[in-house]
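Here the structure is laid out as structure tokens; the discussion comes afterwards.
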Amino acid sequence: MTSAMDDRLAADFYDFQAALPDEERTILLRTRTFLRDEVKPLVDDAWAEGRFPEELIDRFRESGLVGLPYPDHGEHRTPVSHLLTGMMAMEMSRVDASVATFFGVHNGLAMYAIHSGGDQEQRDRWLPRMARMETIGAFALTEPLGGSDVAAGMRTTARREGDTWILNGAKRWIGNATFADHVVVFARDVDDDQVKGFVVGRGTPGFAPEKIAHKTALRIVENADITLTDVRVPETDRLRHVESFRDVAEILRATRAGVAWQALGVMIGAYESALAYAGEREQFGRPLAGFQLVQDLLVKSLGNITASWGMLLQLARLQDAGVFKDEHSSLAKAFVTARMREVVAWAREIFGGNGIVLDYDVARFFADAEAIYSFEGTREMNTLIVGKAVTGQSAFV
């Protein structure tokens, strides 16, 4: 077997990859190869055109990389660590953050919502086909008038009539929703005022997703506005273990850590692009890499990457040990995405004018970073979660 040292990334200055056991390191390297060969050639054109290349679904289906966190329902029957799934998210964002988001919505948010919020019958009904990517999932929580305050301000309602629930309302920024087969929709029960979860199938009458146009970030992701008008969902499709927003928060706690890994991947992708460009581009008779100010930007970027990777390594260990808390994922999301913003700006600076065209990748990383900085909880909201944990005082309004 090829050693981790031989195959590690230029940005892996402290050889964090070596923390994976051999079998998981093999899966990581397979992920890297798959992304290089099957995904990277598609992303620039798809990003420029603002479309999701649907042929990627077949390629992911054949890759064997889907459903790894769900060994009872996927084809890979050996449990994998949170460190591996985190590094896989990093590898995907290192190539393209939109593809990582597509995968994270399906394999993370949607599948995990069913895995943690559903009963055994529901898990058995939906997860095996999702793990084979025979069906695609989406996760509908955010609303047009509710982002950070969606817990208290959710306006989408659910009203029970016998064995049927009737949903009315709207959702916004829902990734994969234009083509997803199953959309996990959260709505407030009008009887007890608690948030419930429902799995709504594509084509259900009254369920109307519309692609959001004119985005300047994550342009490959098919985000949608969803209108729900008297959408009828059978009781059998209500997630049994989602009885309040507290249960939704349990899902977000886990997936927020994945967003921090995505931010690390964007940093690494931007850094790698800048490092290669600095070695090739000549000014004043020598490569940019030979100038002190360029080296300063590269080293500061590497420092941000290394600090963030170390934090996420320990975060994954806390997850695997079962002692993972909201404030742990919130600190990682707030810190790593802030460092990401710095790195993509420094990388774009190294490219000069060439940094605003897609040919060199860094423009894509620079734009996509803004979306990752905001979703799964803004820096401010995550800061307040950590602030409450360390002070014992809630500063939420």
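In the structure tokens, chains take the letters A, B, ... in the order shown, each chain's residues start at 1, and ligands count up from 1 in the order shown.
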
Test item: residues at most 9 Å from segment 352-366 of chain A, only C-alpha atoms, excluding those fewer than 2 positions along its chain, as a PDB file with N, CA and C atoms, in the first residue's frame:
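Result went into around01.pdb, see below:
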```pdb
ATOM      1  N   ASP A  44     -16.057  23.672 -13.874  1.00  0.00           N
ATOM      2  CA  ASP A  44     -15.949  25.050 -14.351  1.00  0.00           C
ATOM      3  C   ASP A  44     -17.111  25.414 -15.267  1.00  0.00           C
ATOM      4  N   ASP A  45     -17.413  24.561 -16.236  1.00  0.00           N
ATOM      5  CA  ASP A  45     -18.511  24.853 -17.149  1.00  0.00           C
ATOM      6  C   ASP A  45     -19.854  24.856 -16.407  1.00  0.00           C
ATOM      7  N   TRP A  47     -20.385  25.473 -13.242  1.00  0.00           N
ATOM      8  CA  TRP A  47     -20.448  26.667 -12.377  1.00  0.00           C
ATOM      9  C   TRP A  47     -20.775  27.900 -13.216  1.00  0.00           C
ATOM     10  N   ALA A  48     -20.113  28.053 -14.357  1.00  0.00           N
ATOM     11  CA  ALA A  48     -20.342  29.222 -15.203  1.00  0.00           C
ATOM     12  C   ALA A  48     -21.783  29.256 -15.715  1.00  0.00           C
ATOM     13  N   SER A  93     -14.887  19.583  -1.153  1.00  0.00           N
ATOM     14  CA  SER A  93     -14.821  21.045  -1.247  1.00  0.00           C
ATOM     15  C   SER A  93     -13.491  21.514  -1.811  1.00  0.00           C
ATOM     16  N   ARG A  94     -12.456  20.740  -1.621  1.00  0.00           N
ATOM     17  CA  ARG A  94     -11.153  21.077  -2.199  1.00  0.00           C
ATOM     18  C   ARG A  94     -11.233  21.099  -3.725  1.00  0.00           C
ATOM     19  N   VAL A  95     -12.124  20.295  -4.287  1.00  0.00           N
ATOM     20  CA  VAL A  95     -12.346  20.296  -5.733  1.00  0.00           C
ATOM     21  C   VAL A  95     -13.450  21.281  -6.107  1.00  0.00           C
ATOM     22  N   ASP A  96     -14.585  21.206  -5.411  1.00  0.00           N
ATOM     23  CA  ASP A  96     -15.673  22.148  -5.674  1.00  0.00           C
ATOM     24  C   ASP A  96     -16.657  22.140  -4.516  1.00  0.00           C
ATOM     25  N   ALA A  97     -16.927  23.313  -3.978  1.00  0.00           N
ATOM     26  CA  ALA A  97     -17.811  23.424  -2.819  1.00  0.00           C
ATOM     27  C   ALA A  97     -19.260  23.113  -3.165  1.00  0.00           C
ATOM     28  N   ALA A 217     -22.669  32.479  -5.811  1.00  0.00           N
ATOM     29  CA  ALA A 217     -21.908  31.479  -5.064  1.00  0.00           C
ATOM     30  C   ALA A 217     -22.624  30.138  -5.173  1.00  0.00           C
ATOM     31  N   LEU A 218     -21.850  29.058  -5.063  1.00  0.00           N
ATOM     32  CA  LEU A 218     -22.405  27.700  -5.143  1.00  0.00           C
ATOM     33  C   LEU A 218     -23.367  27.576  -6.323  1.00  0.00           C
ATOM     34  N   VAL A 266     -12.273  24.245   1.064  1.00  0.00           N
ATOM     35  CA  VAL A 266     -12.187  25.445   0.223  1.00  0.00           C
ATOM     36  C   VAL A 266     -10.854  26.145   0.454  1.00  0.00           C
ATOM     37  N   MET A 267     -10.439  26.241   1.710  1.00  0.00           N
ATOM     38  CA  MET A 267      -9.135  26.839   1.999  1.00  0.00           C
ATOM     39  C   MET A 267      -8.017  26.094   1.280  1.00  0.00           C
ATOM     40  N   GLY A 269      -8.190  24.081  -1.349  1.00  0.00           N
ATOM     41  CA  GLY A 269      -8.264  24.248  -2.793  1.00  0.00           C
ATOM     42  C   GLY A 269      -7.704  25.579  -3.247  1.00  0.00           C
ATOM     43  N   ALA A 270      -8.044  26.652  -2.535  1.00  0.00           N
ATOM     44  CA  ALA A 270      -7.541  27.974  -2.892  1.00  0.00           C
ATOM     45  C   ALA A 270      -6.028  28.054  -2.688  1.00  0.00           C
ATOM     46  N   TYR A 271      -5.552  27.502  -1.573  1.00  0.00           N
ATOM     47  CA  TYR A 271      -4.119  27.519  -1.279  1.00  0.00           C
ATOM     48  C   TYR A 271      -3.335  26.740  -2.335  1.00  0.00           C
ATOM     49  N   SER A 273      -4.159  26.108  -5.412  1.00  0.00           N
ATOM     50  CA  SER A 273      -4.170  26.848  -6.675  1.00  0.00           C
ATOM     51  C   SER A 273      -3.155  27.981  -6.643  1.00  0.00           C
ATOM     52  N   ALA A 274      -3.123  28.709  -5.523  1.00  0.00           N
ATOM     53  CA  ALA A 274      -2.204  29.840  -5.404  1.00  0.00           C
ATOM     54  C   ALA A 274      -0.751  29.378  -5.360  1.00  0.00           C
ATOM     55  N   TYR A 277       0.286  28.382  -8.886  1.00  0.00           N
ATOM     56  CA  TYR A 277       0.393  29.572  -9.729  1.00  0.00           C
ATOM     57  C   TYR A 277       1.649  30.373  -9.385  1.00  0.00           C
ATOM     58  N   ARG A 341     -12.342  32.676   4.866  1.00  0.00           N
ATOM     59  CA  ARG A 341     -12.497  33.965   4.199  1.00  0.00           C
ATOM     60  C   ARG A 341     -11.136  34.641   3.989  1.00  0.00           C
ATOM     61  N   VAL A 343      -8.162  33.119   3.782  1.00  0.00           N
ATOM     62  CA  VAL A 343      -7.321  32.355   2.855  1.00  0.00           C
ATOM     63  C   VAL A 343      -7.740  32.580   1.407  1.00  0.00           C
ATOM     64  N   VAL A 344      -9.048  32.552   1.125  1.00  0.00           N
ATOM     65  CA  VAL A 344      -9.450  32.727  -0.271  1.00  0.00           C
ATOM     66  C   VAL A 344      -9.117  34.141  -0.760  1.00  0.00           C
ATOM     67  N   ALA A 345      -9.158  35.118   0.133  1.00  0.00           N
ATOM     68  CA  ALA A 345      -8.794  36.485  -0.262  1.00  0.00           C
ATOM     69  C   ALA A 345      -7.304  36.582  -0.542  1.00  0.00           C
ATOM     70  N   ALA A 347      -5.348  34.107  -1.439  1.00  0.00           N
ATOM     71  CA  ALA A 347      -5.074  33.335  -2.654  1.00  0.00           C
ATOM     72  C   ALA A 347      -5.441  34.132  -3.894  1.00  0.00           C
ATOM     73  N   ARG A 348      -6.596  34.778  -3.869  1.00  0.00           N
ATOM     74  CA  ARG A 348      -7.000  35.580  -5.020  1.00  0.00           C
ATOM     75  C   ARG A 348      -6.027  36.741  -5.244  1.00  0.00           C
ATOM     76  N   GLU A 349      -5.507  37.279  -4.165  1.00  0.00           N
ATOM     77  CA  GLU A 349      -4.537  38.377  -4.265  1.00  0.00           C
ATOM     78  C   GLU A 349      -3.275  37.933  -4.996  1.00  0.00           C
ATOM     79  N   ILE A 350      -2.836  36.717  -4.745  1.00  0.00           N
ATOM     80  CA  ILE A 350      -1.631  36.204  -5.407  1.00  0.00           C
ATOM     81  C   ILE A 350      -1.836  36.124  -6.916  1.00  0.00           C
ATOM     82  N   ASP A 368     -17.549  31.011  -3.679  1.00  0.00           N
ATOM     83  CA  ASP A 368     -18.283  29.992  -2.922  1.00  0.00           C
ATOM     84  C   ASP A 368     -18.087  30.131  -1.416  1.00  0.00           C
ATOM     85  N   ALA A 369     -16.956  30.676  -1.023  1.00  0.00           N
ATOM     86  CA  ALA A 369     -16.681  30.832   0.405  1.00  0.00           C
ATOM     87  C   ALA A 369     -17.757  31.651   1.108  1.00  0.00           C
ATOM     88  N   GLU A 370     -18.337  32.610   0.405  1.00  0.00           N
ATOM     89  CA  GLU A 370     -19.332  33.473   1.033  1.00  0.00           C
ATOM     90  C   GLU A 370     -20.578  32.708   1.444  1.00  0.00           C
TER      91      GLU A 370
END
```

### Task
Run DSSP on the backbone and give me the residues of segment 57-258 of chain A it puts in alpha helix (DSSP H), as an NGL selection string.
:A and (57-63 or 82-95 or 97-103 or 111-117 or 120-131 or 150-153 or 245-258)

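Around Gly279 of chain A, within 7 Å and counting only C-alpha atoms, the residues found are Leu275, Ala276, Pro287, Leu288 and Ala289 of chain A, once anything fewer than 3 positions away on its own chain is removed.
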
Would you mind exporting the chosen residues as a PDB file, in the first residue's frame, restricted to N, CA and C atoms?
```
ATOM      1  N   LEU A 275      -0.493  28.279  -4.657  1.00  0.00           N
ATOM      2  CA  LEU A 275       0.864  27.756  -4.558  1.00  0.00           C
ATOM      3  C   LEU A 275       1.389  27.344  -5.939  1.00  0.00           C
ATOM      4  N   ALA A 276       0.554  26.645  -6.703  1.00  0.00           N
ATOM      5  CA  ALA A 276       0.974  26.219  -8.034  1.00  0.00           C
ATOM      6  C   ALA A 276       1.186  27.429  -8.950  1.00  0.00           C
ATOM      7  N   PRO A 287       9.902  33.601 -10.599  1.00  0.00           N
ATOM      8  CA  PRO A 287       8.564  33.177 -10.183  1.00  0.00           C
ATOM      9  C   PRO A 287       8.051  34.010  -9.007  1.00  0.00           C
ATOM     10  N   LEU A 288       6.737  34.170  -8.953  1.00  0.00           N
ATOM     11  CA  LEU A 288       6.136  34.878  -7.824  1.00  0.00           C
ATOM     12  C   LEU A 288       6.507  34.235  -6.499  1.00  0.00           C
ATOM     13  N   ALA A 289       6.696  32.934  -6.504  1.00  0.00           N
ATOM     14  CA  ALA A 289       7.014  32.225  -5.263  1.00  0.00           C
ATOM     15  C   ALA A 289       8.320  32.696  -4.638  1.00  0.00           C
TER      16      ALA A 289
END
```

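Minimum distance to Tyr70 of chain A across A:Thr85, A:Gln292, A:Thr337, A:Asn382 (counting only C-alpha atoms) occurs at A:Thr85.
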
### Query
Quick one: residues within 10 Å of His106 of chain A, only C-alpha atoms counted, chain neighbours fewer than 3 positions away excluded, as JSON, numbers by chain?
{"A": [66, 67, 100, 101, 102, 103, 109, 110, 111, 112, 130, 131, 133, 135, 136, 137, 138, 139, 175, 176, 180, 182, 183]}

### Query
From the set A:Gln17, A:Ser394, A:Thr157, A:Ser116, which residue has the shortest atom-to-atom contact distance to Leu83 of chain A, counting only C-alpha atoms?
A:Gln17

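For the pair atom CA of Thr156 of chain A and atom CA of Phe375 of chain A, the separation is 19.7 Å.
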
Per residue of segment 288-372 of chain A within 12 Å of segment 388-393 of chain A, note the shortest atom pair and the distance in Å to one decimal, counting only C-alpha atoms, and order the rows by chain and increasing residue number, as JSON lines.
```
{"residue": "A:Lys325", "atom": "CA", "partner": "A:Ala389", "partner_atom": "CA", "distance": 9.8}
{"residue": "A:Asp326", "atom": "CA", "partner": "A:Ala389", "partner_atom": "CA", "distance": 9.0}
{"residue": "A:Glu327", "atom": "CA", "partner": "A:Ala389", "partner_atom": "CA", "distance": 6.6}
{"residue": "A:His328", "atom": "CA", "partner": "A:Ala389", "partner_atom": "CA", "distance": 9.6}
{"residue": "A:Ser330", "atom": "CA", "partner": "A:Ala389", "partner_atom": "CA", "distance": 10.5}
{"residue": "A:Leu331", "atom": "CA", "partner": "A:Ala389", "partner_atom": "CA", "distance": 10.5}
```

### Task
Just the residues within 9 Å of Ala140 of chain A, please, counting only C-alpha atoms, with nothing from its chain fewer than 5 positions along; format it as a VMD selection string.
chain A and resid 110 171 to 175 177 183 to 186 226

### Task
Any chance you could list, as a VMD selection string, the residues in segment 183-332 of chain A that come up strand (DSSP E) when DSSP is run on the backbone?
chain A and resid 183 to 189 195 to 201 207 to 211 224 to 234 282 to 283 286 to 287

Write a file of the just-selected residues containing C-alpha atoms, as a PDB file, in the first residue's frame.
```pdb
ATOM      1  CA  VAL A 183     -37.556  16.327   0.759  1.00  0.00           C
ATOM      2  CA  VAL A 184     -37.477  16.411   4.563  1.00  0.00           C
ATOM      3  CA  VAL A 185     -39.765  19.338   5.424  1.00  0.00           C
ATOM      4  CA  PHE A 186     -40.076  20.852   8.888  1.00  0.00           C
ATOM      5  CA  ALA A 187     -43.320  22.516   9.923  1.00  0.00           C
ATOM      6  CA  ARG A 188     -44.950  23.766  13.106  1.00  0.00           C
ATOM      7  CA  ASP A 189     -47.856  21.664  14.374  1.00  0.00           C
ATOM      8  CA  VAL A 195     -41.856  21.489  15.073  1.00  0.00           C
ATOM      9  CA  LYS A 196     -42.399  18.178  13.286  1.00  0.00           C
ATOM     10  CA  GLY A 197     -40.560  16.568  10.366  1.00  0.00           C
ATOM     11  CA  PHE A 198     -42.165  15.137   7.222  1.00  0.00           C
ATOM     12  CA  VAL A 199     -40.825  13.362   4.146  1.00  0.00           C
ATOM     13  CA  VAL A 200     -42.494  14.805   1.065  1.00  0.00           C
ATOM     14  CA  GLY A 201     -42.157  13.004  -2.245  1.00  0.00           C
ATOM     15  CA  PHE A 207     -45.434  20.973  -3.480  1.00  0.00           C
ATOM     16  CA  ALA A 208     -43.793  23.455  -5.861  1.00  0.00           C
ATOM     17  CA  PRO A 209     -39.998  23.967  -5.961  1.00  0.00           C
ATOM     18  CA  GLU A 210     -38.563  26.734  -8.146  1.00  0.00           C
ATOM     19  CA  LYS A 211     -34.856  27.142  -8.820  1.00  0.00           C
ATOM     20  CA  ALA A 224     -34.916  26.270  -4.624  1.00  0.00           C
ATOM     21  CA  ASP A 225     -37.748  28.290  -3.227  1.00  0.00           C
ATOM     22  CA  ILE A 226     -40.483  25.843  -2.216  1.00  0.00           C
ATOM     23  CA  THR A 227     -44.141  26.744  -1.926  1.00  0.00           C
ATOM     24  CA  LEU A 228     -46.348  24.315   0.030  1.00  0.00           C
ATOM     25  CA  THR A 229     -50.067  24.699  -0.626  1.00  0.00           C
ATOM     26  CA  ASP A 230     -52.311  22.175   1.145  1.00  0.00           C
ATOM     27  CA  VAL A 231     -49.659  19.471   0.723  1.00  0.00           C
ATOM     28  CA  ARG A 232     -51.084  16.221   2.054  1.00  0.00           C
ATOM     29  CA  VAL A 233     -48.594  13.908   3.784  1.00  0.00           C
ATOM     30  CA  PRO A 234     -49.619  10.569   5.324  1.00  0.00           C
ATOM     31  CA  GLU A 282       6.976  34.957 -13.520  1.00  0.00           C
ATOM     32  CA  GLN A 283       7.259  38.660 -12.842  1.00  0.00           C
ATOM     33  CA  ARG A 286      11.527  35.201 -11.537  1.00  0.00           C
ATOM     34  CA  PRO A 287       8.564  33.177 -10.183  1.00  0.00           C
TER      35      PRO A 287
END
```

### Message
As an exercise, work out the distance from atom CA of Gly117 of chain A to atom CA of Phe179 of chain A in Å and give it to one decimal place.
### Response
22.6 Å

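Pairwise distance (atom CA of Glu272 of chain A, atom CA of Ala10 of chain A) equals 7.2 Å.
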